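One file, model-v2.txt, is given below (compact mmCIF, C-alpha atoms).
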# COMPACT_ATOMS: atom_id res chain seq x y z
CA MET A 1 116.42 107.02 163.90
CA GLN A 2 116.04 108.41 160.41
CA PHE A 3 115.61 107.05 156.90
CA SER A 4 116.43 109.23 153.90
CA HIS A 5 117.89 109.49 150.42
CA SER A 6 120.96 111.62 149.84
CA ASP A 7 120.60 114.95 148.08
CA ALA A 8 122.64 113.53 145.22
CA MET A 9 120.10 110.73 144.74
CA TRP A 10 117.22 113.19 144.50
CA GLN A 11 119.18 115.29 142.04
CA ALA A 12 120.00 112.27 139.87
CA PHE A 13 116.49 110.79 140.09
CA PRO A 14 114.03 113.67 140.58
CA GLU A 15 111.18 111.39 139.49
CA LEU A 16 111.77 109.14 142.53
CA ARG A 17 108.92 108.74 144.98
CA ALA A 18 109.35 106.67 148.12
CA GLY A 19 107.22 105.53 151.00
CA ALA A 20 108.39 104.40 154.43
CA LEU A 21 106.63 102.60 157.27
CA HIS A 22 107.86 101.75 160.75
CA ALA A 23 106.14 99.32 163.10
CA GLY A 24 107.02 97.47 166.28
CA GLY A 25 105.31 94.44 167.76
CA ILE A 26 105.95 92.11 164.81
CA ASP A 27 106.10 88.34 165.38
CA ALA A 28 106.28 85.23 163.21
CA ASP A 29 102.88 83.80 164.17
CA ALA A 30 100.43 85.81 162.06
CA ASP A 31 98.22 84.06 159.50
CA VAL A 32 98.51 86.16 156.34
CA GLU A 33 97.46 83.58 153.76
CA ALA A 34 94.12 85.18 152.87
CA ALA A 35 95.76 88.56 152.32
CA ILE A 36 98.52 87.00 150.22
CA ALA A 37 95.94 85.26 148.05
CA SER A 38 94.14 88.55 147.35
CA PHE A 39 97.36 90.35 146.37
CA ASN A 40 98.52 87.40 144.28
CA ALA A 41 95.23 87.50 142.37
CA ILE A 42 95.91 91.11 141.39
CA ALA A 43 99.36 90.15 140.09
CA GLU A 44 97.96 87.13 138.23
CA ALA A 45 95.39 89.31 136.47
CA ARG A 46 98.08 91.75 135.29
CA LEU A 47 100.40 88.98 134.15
CA VAL A 48 97.65 87.43 132.03
CA LYS A 49 97.60 90.62 129.96
CA ALA A 50 101.36 91.28 129.77
CA GLN A 51 104.70 90.07 131.04
CA GLU A 52 106.28 91.97 133.89
CA SER A 53 108.90 93.51 131.58
CA GLU A 54 106.08 95.45 129.90
CA PHE A 55 104.75 96.99 133.12
CA PRO A 56 105.49 100.74 133.32
CA GLU A 57 106.70 100.30 136.91
CA ILE A 58 109.31 97.75 135.80
CA GLN A 59 110.30 99.62 132.65
CA ALA A 60 111.04 102.69 134.75
CA TRP A 61 113.33 100.70 137.03
CA ARG A 62 115.08 99.18 134.01
CA ARG A 63 115.80 102.68 132.76
CA GLY A 64 117.00 103.62 136.22
CA PHE A 65 119.37 100.65 136.36
CA SER A 66 120.73 101.58 132.94
CA ARG A 67 121.41 105.10 134.20
CA MET A 68 123.36 103.54 137.08
CA GLY A 69 125.51 101.69 134.55
CA LEU A 70 123.92 98.30 135.20
CA LYS A 71 122.57 95.85 132.65
CA PRO A 72 118.83 95.68 133.50
CA THR A 73 118.42 92.04 132.48
CA GLN A 74 121.40 91.03 134.63
CA TYR A 75 120.46 93.06 137.70
CA ARG A 76 116.70 93.26 138.15
CA CYS A 77 114.87 95.33 140.70
CA ALA A 78 113.31 93.24 143.47
CA SER A 79 109.74 93.52 142.19
CA GLU A 80 110.71 92.39 138.69
CA ALA A 81 112.56 89.39 140.11
CA LEU A 82 109.52 88.46 142.24
CA LEU A 83 107.08 88.89 139.35
CA ARG A 84 109.27 86.84 137.04
CA ARG A 85 109.42 83.97 139.54
CA PHE A 86 105.72 84.25 140.30
CA ARG A 87 104.83 84.14 136.60
CA GLN A 88 106.89 80.99 136.16
CA GLU A 89 105.91 79.16 139.36
CA HIS A 90 102.56 80.81 140.28
CA ALA A 91 103.74 81.04 143.88
CA LEU A 92 106.57 82.37 146.02
CA PRO A 93 108.36 80.50 148.83
CA ARG A 94 107.19 81.23 152.38
CA LEU A 95 109.88 82.86 154.55
CA HIS A 96 108.20 84.83 157.35
CA PRO A 97 104.61 86.15 157.55
CA LEU A 98 105.71 89.77 157.21
CA ILE A 99 108.11 89.08 154.33
CA ASP A 100 105.51 86.91 152.60
CA LEU A 101 102.90 89.67 152.97
CA CYS A 102 105.23 92.41 151.69
CA ASN A 103 106.32 90.23 148.76
CA ALA A 104 102.66 89.79 147.83
CA ILE A 105 102.08 93.55 148.06
CA SER A 106 105.14 94.08 145.88
CA LEU A 107 103.67 91.67 143.31
CA ALA A 108 100.33 93.47 143.30
CA PHE A 109 101.87 96.93 142.84
CA ALA A 110 104.93 95.84 140.77
CA ILE A 111 106.98 98.10 143.07
CA PRO A 112 110.06 97.03 145.08
CA VAL A 113 109.36 96.68 148.80
CA ALA A 114 112.27 96.29 151.23
CA VAL A 115 111.84 95.18 154.84
CA PHE A 116 114.60 95.76 157.41
CA ASP A 117 115.00 94.58 161.01
CA VAL A 118 115.50 97.94 162.71
CA GLU A 119 117.51 96.46 165.57
CA ARG A 120 120.18 95.38 163.07
CA ILE A 121 120.71 98.93 161.77
CA ASP A 122 123.26 101.19 163.48
CA GLY A 123 122.14 104.81 163.54
CA ASP A 124 120.39 106.26 160.50
CA LEU A 125 119.80 104.54 157.16
CA GLU A 126 120.48 106.43 153.94
CA VAL A 127 120.18 105.54 150.26
CA ARG A 128 123.38 106.93 148.77
CA ARG A 129 126.32 106.23 146.52
CA ALA A 130 128.88 103.86 148.04
CA LYS A 131 132.37 105.08 148.85
CA GLY A 132 133.79 101.58 148.42
CA ASP A 133 134.76 100.88 152.02
CA GLU A 134 131.33 99.68 153.16
CA THR A 135 130.68 96.06 154.13
CA TYR A 136 127.78 93.93 152.93
CA LEU A 137 126.77 90.58 154.44
CA THR A 138 125.32 88.09 151.96
CA PHE A 139 122.63 85.60 152.94
CA GLY A 140 125.35 82.97 152.65
CA GLY A 141 127.40 84.68 155.36
CA GLU A 142 130.09 86.16 153.10
CA ILE A 143 131.34 89.74 153.35
CA GLU A 144 131.34 91.83 150.18
CA HIS A 145 132.37 95.42 149.50
CA PRO A 146 130.04 97.39 147.21
CA GLU A 147 131.78 99.10 144.35
CA ALA A 148 132.49 102.80 144.64
CA ASN A 149 129.53 104.85 143.37
CA GLU A 150 127.13 101.90 143.61
CA VAL A 151 123.74 102.84 145.12
CA ILE A 152 123.35 101.25 148.55
CA PHE A 153 121.32 101.51 151.75
CA ALA A 154 124.03 102.49 154.27
CA ASP A 155 123.91 102.92 158.05
CA ASP A 156 126.19 105.02 160.26
CA GLU A 157 128.66 102.13 160.65
CA HIS A 158 129.22 102.01 156.86
CA ARG A 159 127.33 98.74 156.54
CA ALA A 160 125.32 98.24 153.36
CA HIS A 161 121.86 96.82 153.99
CA ALA A 162 121.07 96.62 150.26
CA ARG A 163 123.18 96.62 147.10
CA ARG A 164 122.45 98.05 143.66
CA TRP A 165 119.59 100.07 145.16
CA THR A 166 116.53 97.79 144.83
CA ASN A 167 118.37 94.72 143.57
CA ARG A 168 119.51 92.76 146.64
CA GLN A 169 119.11 93.18 150.41
CA SER A 170 121.64 92.12 153.04
CA GLY A 171 121.38 89.09 155.27
CA LEU A 172 122.41 91.33 158.18
CA SER A 173 119.08 93.12 158.61
CA ALA A 174 116.84 90.45 157.09
CA VAL A 175 113.64 89.74 159.00
CA ARG A 176 113.81 86.60 161.13
CA GLU A 177 111.73 84.92 163.84
CA THR A 178 113.18 87.21 166.51
CA THR A 179 112.41 90.41 164.59
CA ARG A 180 110.09 92.79 166.45
CA SER A 181 110.66 96.24 164.90
CA VAL A 182 110.75 96.82 161.15
CA LEU A 183 111.28 99.54 158.57
CA ILE A 184 109.46 98.97 155.28
CA VAL A 185 110.53 100.99 152.24
CA ALA A 186 108.87 101.16 148.81
CA GLU A 187 110.37 103.11 145.90
CA ALA A 188 109.20 103.84 142.37
CA LEU A 189 110.29 105.85 139.33
CA HIS A 190 107.35 105.60 136.90
CA ALA A 191 104.98 108.41 135.90
CA SER A 192 102.26 107.69 138.48
CA ALA A 193 104.74 106.78 141.23
CA GLY A 194 103.46 109.39 143.67
CA ASP A 195 99.89 108.10 143.69
CA ASP A 196 100.92 104.44 143.58
CA ILE A 197 103.41 104.73 146.43
CA ALA A 198 100.78 106.46 148.56
CA ARG A 199 98.32 103.63 147.90
CA LEU A 200 100.96 101.00 148.59
CA VAL A 201 101.95 102.53 151.92
CA GLU A 202 98.31 102.83 152.96
CA THR A 203 97.69 99.23 151.91
CA ALA A 204 100.74 97.96 153.80
CA ALA A 205 99.85 99.90 156.95
CA ASP A 206 96.30 98.54 156.88
CA ALA A 207 97.57 94.98 156.39
CA LEU A 208 99.99 95.26 159.29
CA VAL A 209 97.36 96.62 161.65
CA ARG A 210 94.99 93.79 160.68
CA HIS A 211 97.56 91.06 161.34
CA TRP A 212 99.69 92.39 164.21
CA PRO A 213 99.05 94.54 167.31
CA VAL A 214 101.04 97.46 165.90
CA VAL A 215 100.79 101.18 165.38
CA ALA A 216 102.28 101.94 161.99
CA LYS A 217 104.03 105.26 161.41
CA THR A 218 104.25 106.20 157.73
CA ALA A 219 105.69 108.86 155.47
CA ILE A 220 105.82 109.71 151.77
CA LEU A 221 109.26 110.95 150.76
CA THR A 222 109.82 113.54 148.02
CA PRO A 223 112.55 116.07 147.20
CA VAL A 224 110.64 118.57 149.32
CA SER A 225 110.17 116.17 152.25
CA PRO A 226 113.06 113.70 151.98
CA ARG A 227 113.39 112.32 155.53
CA PHE A 228 111.45 109.92 157.73
CA GLU A 229 112.11 110.01 161.48
CA PHE A 230 110.83 107.12 163.57

Would you kindly transcribe this structure into structure tokens?
Amino acid sequence: MQFSHSDAMWQAFPELRAGALHAGGIDADADVEAAIASFNAIAEARLVKAQESEFPEIQAWRRGFSRMGLKPTQYRCASEALLRRFRQEHALPRLHPLIDLCNAISLAFAIPVAVFDVERIDGDLEVRRAKGDETYLTFGGEIEHPEANEVIFADDEHRAHARRWTNRQSGLSAVRETTRSVLIVAEALHASAGDDIARLVETAADALVRHWPVVAKTAILTPVSPRFEF
């Protein structure tokens, strides 16, 4: 199985840096509360000094969304949406230990982190422009069709596992209690994205190994090395 971004995406967003992590052996029984608290504290400290909209990581994604023809305050990248909710409520809802942990890491780094159930993906997964015939399953169970040219995460069966790039994941490959094998993807567009993505991937891999009996395979994706095989 392979995860990648299309050549057209790298050409349109040469500043993109992405990290990917694959791990099997996940379950829903891990106690991640201490780790979540430490990552939340990092986010709290940043939010005391400035709102999330002022973070360079978020500003870069807002510019990226504008370049995709989207209104940034209508469609927010996942990390901005999490930070906004966290600033208002000082907590995030608990969904699954792995999702809760990755959400906390996303808060700490202000970088979108997507988590996919690998067994729900057919073939390879690619970030590319939609053709318009793909299907997307909402968390409410409805089928949508991404607009042509919209950035999606698409598998070989033309199923979209995320819409508007880092805006909204699909209910199809969402992590659930039965999930055992996952692909974690982090993407950034800001000036220090390369260094920050590398630290995020290392942090996520360390957290997974400490909470689950897994061997994490990781990769940093760039225009020169754009594919992750796992």

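Distances to Arg87 (chain A) were evaluated for A:Val118, A:Leu101, A:Ala20, A:Ala45 using all atoms listed in the file, and the minimum falls at A:Ala45.
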
Requested in this report: Write out as a PyMOL selection string the residues lying within 10 Å of Ala154 (chain A), counting only C-alpha atoms and excluding same-chain residues fewer than 6 positions away.
Outcome: chain A and resi 3+121-130+134-136+160-163

Interface rows for region 13-37 of chain A against region 187-205 of chain A: nearest pair, Å to one decimal, 9 Å, all atoms listed in the file, as JSON lines:
{"residue": "A:Phe13", "atom": "CA", "partner": "A:Leu189", "partner_atom": "CA", "distance": 8.0}
{"residue": "A:Pro14", "atom": "CA", "partner": "A:Leu189", "partner_atom": "CA", "distance": 8.8}
{"residue": "A:Glu15", "atom": "CA", "partner": "A:Leu189", "partner_atom": "CA", "distance": 5.6}
{"residue": "A:Leu16", "atom": "CA", "partner": "A:Leu189", "partner_atom": "CA", "distance": 4.8}
{"residue": "A:Arg17", "atom": "CA", "partner": "A:Ala188", "partner_atom": "CA", "distance": 5.6}
{"residue": "A:Ala18", "atom": "CA", "partner": "A:Glu187", "partner_atom": "CA", "distance": 4.3}
{"residue": "A:Gly19", "atom": "CA", "partner": "A:Ile197", "partner_atom": "CA", "distance": 6.0}
{"residue": "A:Ala20", "atom": "CA", "partner": "A:Val201", "partner_atom": "CA", "distance": 7.2}
{"residue": "A:Leu21", "atom": "CA", "partner": "A:Val201", "partner_atom": "CA", "distance": 7.1}
{"residue": "A:Ala23", "atom": "CA", "partner": "A:Ala205", "partner_atom": "CA", "distance": 8.8}

Query raised in the report: Do you know which residues are at most 8 Å from region 209-217 of chain A counting only C-alpha atoms, after dropping those on the same chain fewer than 4 positions away, and could you put them as a PyMOL selection string?
Result: chain A and resi 21-27+30-32+205+230

Report task. Would you please work out which residue, of A:Pro56, A:Thr166, A:Leu172, A:Phe116, is nearest to Glu144 (chain A) when using all atoms listed in the file? Result -> A:Leu172

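Counting all atoms listed in the file and comparing A:His96, A:Ile111, A:Trp10, A:Val185, the residue that lies closest to Ala219 (chain A) is A:Val185.
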
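If you look at CA of Val151 (chain A) and CA of His5 (chain A), they are 10.3 Å away from each other.
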
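The gap separating CA of Glu33 (chain A) from CA of Arg46 (chain A) is 20.2 Å, in Å to one decimal.
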
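One distance worth recording is that between CA of Glu157 (chain A) and CA of Cys77 (chain A), which is 25.2 Å.
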
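Shell of Arg164 (chain A) at 7 Å, with all atoms listed in the file counted and residues fewer than 3 places along the chain excluded, is Glu150, Val151, Ile152, Asn167 and Arg168 of chain A.
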
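You can rank A:Asp206, A:Glu142, A:Glu119, A:Asp156 by their closest distance to Ser173 (chain A) using all atoms listed in the file, and at the top of that list sits A:Glu119.
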
Query raised in the report: From the set A:Glu52, A:Asp29, A:Glu229, A:Asp7, which residue has the shortest atom-to-atom contact distance to Phe86 (chain A), counting all atoms listed in the file?
Result: A:Glu52

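With all atoms listed in the file as the basis for measurement, A:Ser79 is the residue among A:Ser181, A:Thr218, A:Ser79, A:Gln169 that approaches Pro112 (chain A) most closely.
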
Need the shell around Gly69 (chain A): protein/DNA/RNA residues with any atom at most 12 Å away, counting all atoms listed in the file. Skip same-chain ones fewer than 5 positions apart. Format as a short mmCIF file (atom, residue, chain, number, x, y, z; two decimals) with C-alpha atoms, keeping the file's coordinate frame?
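Result file out16.cif:
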data_model
loop_
_atom_site.label_atom_id
_atom_site.label_comp_id
_atom_site.auth_asym_id
_atom_site.auth_seq_id
_atom_site.Cartn_x
_atom_site.Cartn_y
_atom_site.Cartn_z
CA ARG A 62 115.08 99.18 134.01
CA ARG A 63 115.80 102.68 132.76
CA GLY A 64 117.00 103.62 136.22
CA GLN A 74 121.40 91.03 134.63
CA TYR A 75 120.46 93.06 137.70
CA GLU A 147 131.78 99.10 144.35
CA ASN A 149 129.53 104.85 143.37
CA GLU A 150 127.13 101.90 143.61
CA VAL A 151 123.74 102.84 145.12
CA ARG A 164 122.45 98.05 143.66
#

Within 8 Å of (109.1, 84.6, 162.9) (file coordinates; only C-alpha atoms), which protein or nucleic acid residues are there? I'd like them as a PDB file with C-alpha atoms, in the coordinates of the input.
ATOM      1  CA  ASP A  27     106.100  88.340 165.380  1.00  0.00           C
ATOM      2  CA  ALA A  28     106.280  85.230 163.210  1.00  0.00           C
ATOM      3  CA  ASP A  29     102.880  83.800 164.170  1.00  0.00           C
ATOM      4  CA  HIS A  96     108.200  84.830 157.350  1.00  0.00           C
ATOM      5  CA  PRO A  97     104.610  86.150 157.550  1.00  0.00           C
ATOM      6  CA  VAL A 175     113.640  89.740 159.000  1.00  0.00           C
ATOM      7  CA  ARG A 176     113.810  86.600 161.130  1.00  0.00           C
ATOM      8  CA  GLU A 177     111.730  84.920 163.840  1.00  0.00           C
ATOM      9  CA  THR A 178     113.180  87.210 166.510  1.00  0.00           C
ATOM     10  CA  THR A 179     112.410  90.410 164.590  1.00  0.00           C
TER      11      THR A 179
END

Query raised in the report: Neighbours of Ala104 (chain A) within 7 Å (all atoms listed in the file; same-chain residues fewer than 6 positions away dropped), as a list of chain:residue names?
Result: A:Ile36, A:Phe39, A:Asn40
